[in-house]
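What follows is a set of notes on a single structure, which appears directly below.
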2 protein chains.
Amino acid sequence: MTEEEKKEGVAAVAEVSNKQVVLKAYITDGRAPRKDDMAVTVSTLPELKAPKGSGGFLVKNLYLSCDPYMRGRMRPPSPASYIPSFLPSRLCQPIEGFGVSEVVDSDNPEFQAGDFIAGMTGWEEYTLIQKPQQLRKISRNHAVPLSYHLGLLGMPGFTAYCGLYELCSPKAGEFVFVSAASGAVGQIVGQLAKLEGCRVVGSAGSATKVEMLTSKMGFDAAFNYKEEADLDAALKRYFPQGIDIYFDNVGGEMLDAALLNMRVKGRIAVCGMVSQHAVTDSGPGIRNISNVIVKRIKMQGFLQSDFLHLYPRFLDHVTAHFLAGDIVYVEDVDDGLESAPAALAGLFTGENIGKKVVRVVPPESRNSMN
Amino acid sequence: MTEEEKKEGVAAVAEVSNKQVVLKAYITDGRAPRKDDMAVTVSTLPELKAPKGSGGFLVKNLYLSCDPYMRGRMRPPSPASYIPSFLPSRLCQPIEGFGVSEVVDSDNPEFQAGDFIAGMTGWEEYTLIQKPQQLRKISRNHAVPLSYHLGLLGMPGFTAYCGLYELCSPKAGEFVFVSAASGAVGQIVGQLAKLEGCRVVGSAGSATKVEMLTSKMGFDAAFNYKEEADLDAALKRYFPQGIDIYFDNVGGEMLDAALLNMRVKGRIAVCGMVSQHAVTDSGPGIRNISNVIVKRIKMQGFLQSDFLHLYPRFLDHVTAHFLAGDIVYVEDVDDGLESAPAALAGLFTGENIGKKVVRVVPPESRNSMN
């Protein structure tokens with residue numbers, strides 16, 4: 001207790017430092033986030049407790065998820081946006097994102113210290129969660145790594161599941177194309193489609209990723225889009241009979257080429273558009289849209305959050321296949337909150353190989369076994 | 001009987017002249033059809049009979065339909081096309097299209113002389129139909145003009161019905177935008193949507209058409225797209241709350257502007273792309289496709305022929321509303337086969353006001369009452 005506190009009769013508490021990743025300023029020119037758009041700062045918590053009467057609970061963040069949608073939250077607030085922008089750094093609010101966390105203290109009867117949760121949290125060591133968003137308790141199954149609740153069993157896996165099953169209704173024998181196929185979503189799309197008896201081809205941006213798709217994830221074929229001068233010709237080579245389902249994670253030129261190669265009654269699940277052209281609107285635009293009529297294509301955008309009622313079914317389905325060894329999942333893990341800005345920025349230059357995760361707390365520093 | 005025939009013992013028959021509209025040559029440069037791409041020629045029929053053993057029936061064509069999809073059949077044959085190209089003129093095959101016809105003679109027990117039919121026929125005075133395509137007998141109801149079986153109750157009406165109900169599921173209070181709204185399809189889309197309790201705005205290419213939409217067809221509002229320098233701004237003016245359903249008959253810049261103005265979970269039925277940019281692929285392409293994700297838009301191309309099982313339901317629905325006075329239909333009728341080439345070409349320059357029809361036989365020259 002300081003002299004000051006003694007004078008004022010304030011109860012003595014041990015302040016706790018809380019490292020945070022904050023957004024320095026909004027990105028206004030449409031470019032992808034860079035490492036130096038973020039900063040690591042240190043804030044403090046009065047104590048490791050959820051304030052009484054708050055109804056909240058305090059968590060220790062173990063893993064944080066780097067996801068492409070987060071770039072949208074780095075833009076200035078706009079009424080057109082489907083998700084609010086991050087708060088600027090002057091409010092000392094950390095970046096928000098999906099995480100796996102352990103409850104440290106709770107003023108909410110539904111959560112107890114020691115519970116593991118996955119859901120929206122802050123990019124910081126400790127977060128007081130007062131309004132749980134898309135948050136669920138994790139029933140610990142030591143056969144499933146905790147961090148997989150950010151990918152395979154988290155938002156990316158659920159995105160793959162909704163997009164493939166709800167929008168594209170895959171049937172055995174159909175031809176499925178997945179772009180950004182080695183990414184957090186793509187690798188699951190391809191493996192689920194294989195389980196349905198589809199022929200699956202993926203595109204990715206490096207030889208390592210391409211090799212991983214066929215050797216590890218069971219894709220029938222894969223190609224490096226950066227080595228293809230003519231994407232239309234590449235797709236014609238891999239899909240001489242055309243594409244029934246295109247799971248689009250990139251938009252831009254690949255979408256345009258896929259439109260030329262769709263079969264009649266083809267389905268396009270539009271999941272992401274991380275390609276530079278889609279992002280900056282500086283590209284030539286989509287020229288082959290008239291194929292939508294000629295081929296009677298259904299092209300549909302979606303957000304996994306529109307399908308949350310299916311989450312339990314998804315968890316059962318994918319967990320069972322994972323435990324049976326039918327599905328593998330590749331992560332790309334960086335250690336420490338300090339690594340988070342570069343980890344997020346690297347998504348947009350394709351540096352990650354598999355699902356990008358930041359491990360905040362090394363396993364050896366944890367109380368419990370994770 | 002000629003001297004020649006007498007010598008050969010051939011039975012004398014009265015040859016019948018059969019005026020035809022033929023395609024002179026394929027259109028290879030992607031432009032819209034012009035009047036002089038077609039020619040009116042005269043062929044002959046040996047007699048006004050369906051040959052015995054042919055299983056066919058001979059019809060006298062009364063009305064012919066001019067439809068935008070026909071330009072696709074004027075291109076050279078291509079495996080990518082969803083409908084075969086017309087046969088070139090050297091084969092003396094008339095242009096094919098929807099028509100309303102009267103059976104003159106039949107070798108098919110399902111059709112008798114005097115029957116009225118609507119379906120695929122030739123652009124000529126008489127056609128021998130051996131393989132009926134999308135053809136139905138018309139039960140004469142003198143409250144419904146015969147020619148309406150080419151529009152309101154024909155392929156365009158059915159296109160409107162399928163696109164609106166099957167793809168867009170309109171709900172009362174929703175905001176509906178229809179482009180080419182005074183055309184064969186658009187005017188029905190708008191009126192059906194009004195009957196569902198939607199707020200409906202249409203675009204068209206002249207003051208006359210715009211006036212017709214609000215005064216005659218009950219659209220809530222309409223605008224002349226040619227007088228709007230900024231289509232996005234125009235749509236924002238007419239849809240301050242955004243668009244739930246866009247029935248797209250034009251593609252190109254209007255589609256791009258609509259994408260910017262769709263509401264979350266909006267639906268786009270992609271029915272036609274007659275705009276010049278969509279047609280020649282020389283335009284800037286569709287730049288706002290990323291809205292498909294952000295707004296979770298479903299954008300779907302379709303052909304009415306994929307929904308033919310719904311035709312009886314459509315006929316009941318639309319006939320009942322027409323007879324009740326809930327739906328009006330505007331036609332733009334030209335007289336005589338000679339007028340057909342200009343009538344078809346005029347579709348692509350927006351000359352028609354309403355559904356374009358060619359009346360082959362004036363009512364006073366017909367045997368029966370039509």
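Chain identifiers are assigned as A, B, and so on, following the order in which chains appear in the structure tokens; residues are numbered from 1 within each chain, and ligands are numbered from 1 in order of appearance.
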*If you run DSSP on this backbone, which residues of stretch 285-361 of chain A come out as strand (DSSP E), and could you give them as a list in words?*
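Here are the strand (DSSP E) residues of stretch 285-361 of chain A: Lys298, Met299, Gln300, Gly301, Glu331, Asp332, Val333, Asp334, Asp335, Lys355, Lys356, Val357, Val358 and Arg359 of chain A.
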Include all heavy atoms and write out the residues we just selected as a compact mmCIF listing (two decimals), in the first residue's frame.
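Writing the result to part29.txt gives the following:
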```txt
# COMPACT_ATOMS: atom_id res chain seq x y z
N LYS A 298 -25.07 -20.27 -59.48
CA LYS A 298 -25.46 -19.60 -58.25
C LYS A 298 -24.17 -19.14 -57.58
O LYS A 298 -23.29 -19.95 -57.32
CB LYS A 298 -26.23 -20.53 -57.31
CG LYS A 298 -26.73 -19.81 -56.06
CD LYS A 298 -27.52 -20.72 -55.15
CE LYS A 298 -26.58 -21.61 -54.35
NZ LYS A 298 -27.25 -22.31 -53.24
N MET A 299 -24.10 -17.86 -57.32
CA MET A 299 -22.90 -17.28 -56.72
C MET A 299 -23.38 -16.60 -55.45
O MET A 299 -24.28 -15.75 -55.50
CB MET A 299 -22.38 -16.25 -57.72
CG MET A 299 -21.09 -15.62 -57.38
SD MET A 299 -20.54 -14.68 -58.85
CE MET A 299 -19.26 -13.76 -58.08
N GLN A 300 -22.85 -17.00 -54.33
CA GLN A 300 -23.43 -16.50 -53.09
C GLN A 300 -22.36 -16.14 -52.08
O GLN A 300 -21.42 -16.91 -51.85
CB GLN A 300 -24.37 -17.58 -52.51
CG GLN A 300 -25.24 -17.07 -51.39
CD GLN A 300 -26.39 -18.02 -51.06
OE1 GLN A 300 -26.55 -19.05 -51.70
NE2 GLN A 300 -27.16 -17.68 -50.06
N GLY A 301 -22.51 -14.97 -51.51
CA GLY A 301 -21.64 -14.56 -50.42
C GLY A 301 -22.26 -14.98 -49.11
O GLY A 301 -23.48 -15.15 -49.01
N GLU A 331 -1.32 -25.85 -38.87
CA GLU A 331 -1.25 -24.52 -38.28
C GLU A 331 0.13 -23.92 -38.48
O GLU A 331 1.12 -24.64 -38.61
CB GLU A 331 -1.48 -24.61 -36.76
CG GLU A 331 -2.88 -24.92 -36.36
CD GLU A 331 -2.97 -24.91 -34.83
OE1 GLU A 331 -2.02 -25.37 -34.16
OE2 GLU A 331 -3.99 -24.44 -34.32
N ASP A 332 0.18 -22.63 -38.39
CA ASP A 332 1.43 -21.89 -38.49
C ASP A 332 1.46 -21.00 -37.25
O ASP A 332 0.77 -19.98 -37.20
CB ASP A 332 1.42 -21.09 -39.79
CG ASP A 332 2.72 -20.36 -40.06
OD1 ASP A 332 3.47 -20.13 -39.08
OD2 ASP A 332 2.96 -20.00 -41.22
N VAL A 333 2.20 -21.41 -36.22
CA VAL A 333 2.11 -20.78 -34.91
C VAL A 333 3.32 -19.89 -34.63
O VAL A 333 4.46 -20.31 -34.81
CB VAL A 333 2.00 -21.86 -33.80
CG1 VAL A 333 1.86 -21.22 -32.42
CG2 VAL A 333 0.83 -22.79 -34.08
N ASP A 334 3.05 -18.67 -34.21
CA ASP A 334 4.12 -17.76 -33.76
C ASP A 334 3.99 -17.58 -32.26
O ASP A 334 2.87 -17.62 -31.72
CB ASP A 334 3.99 -16.40 -34.44
CG ASP A 334 4.44 -16.44 -35.89
OD1 ASP A 334 4.96 -17.49 -36.31
OD2 ASP A 334 4.23 -15.45 -36.60
N ASP A 335 5.09 -17.32 -31.59
CA ASP A 335 5.07 -17.23 -30.15
C ASP A 335 5.13 -15.80 -29.64
O ASP A 335 5.95 -15.01 -30.10
CB ASP A 335 6.23 -18.03 -29.54
CG ASP A 335 5.80 -19.43 -29.21
OD1 ASP A 335 4.77 -19.59 -28.52
OD2 ASP A 335 6.47 -20.38 -29.68
N LYS A 355 -3.15 -22.39 -41.03
CA LYS A 355 -3.86 -21.45 -40.16
C LYS A 355 -2.90 -20.69 -39.27
O LYS A 355 -2.13 -21.30 -38.52
CB LYS A 355 -4.85 -22.28 -39.31
CG LYS A 355 -5.43 -21.55 -38.12
CD LYS A 355 -6.32 -20.40 -38.53
CE LYS A 355 -6.73 -19.57 -37.33
NZ LYS A 355 -7.09 -18.20 -37.72
N LYS A 356 -2.96 -19.36 -39.32
CA LYS A 356 -2.03 -18.54 -38.53
C LYS A 356 -2.56 -18.32 -37.12
O LYS A 356 -3.68 -17.82 -36.93
CB LYS A 356 -1.84 -17.19 -39.21
CG LYS A 356 -0.70 -16.39 -38.62
CD LYS A 356 0.63 -16.89 -39.14
CE LYS A 356 1.78 -16.51 -38.25
NZ LYS A 356 3.06 -17.03 -38.79
N VAL A 357 -1.74 -18.67 -36.14
CA VAL A 357 -2.13 -18.58 -34.74
C VAL A 357 -0.98 -17.94 -33.96
O VAL A 357 0.19 -18.19 -34.26
CB VAL A 357 -2.43 -19.99 -34.17
CG1 VAL A 357 -2.56 -19.98 -32.66
CG2 VAL A 357 -3.69 -20.57 -34.82
N VAL A 358 -1.32 -17.11 -33.00
CA VAL A 358 -0.30 -16.57 -32.09
C VAL A 358 -0.49 -17.24 -30.72
O VAL A 358 -1.59 -17.23 -30.17
CB VAL A 358 -0.43 -15.05 -31.95
CG1 VAL A 358 0.48 -14.52 -30.84
CG2 VAL A 358 -0.14 -14.35 -33.28
N ARG A 359 0.60 -17.85 -30.25
CA ARG A 359 0.54 -18.48 -28.93
C ARG A 359 1.01 -17.44 -27.91
O ARG A 359 2.17 -17.06 -27.91
CB ARG A 359 1.44 -19.71 -28.91
CG ARG A 359 1.43 -20.46 -27.61
CD ARG A 359 1.95 -21.88 -27.77
NE ARG A 359 3.24 -21.91 -28.44
CZ ARG A 359 3.86 -23.03 -28.85
NH1 ARG A 359 3.29 -24.21 -28.67
NH2 ARG A 359 5.02 -22.97 -29.45
```
*Return the neighbours of chain A among the residues of chain B, cut-off 10 Å, counting only C-alpha atoms, as a PyMOL selection string.*
chain B and resi 80-83+167+251-252+256+260-261+263-265+267-273+277-279+281-303+306
*Return as a ChimeraX atom specification the full set of residues in stretch 137-317 of chain B whose backbone-based DSSP assignment is alpha helix (DSSP H).*
/B:155-161,168,186-195,207-215,231-238,252-261,276-280,291-294,311-317
*One decimal, Å: what's the distance from atom CA of A:Arg136 over to atom CA of A:Ala118, could you say?*
5.5 Å
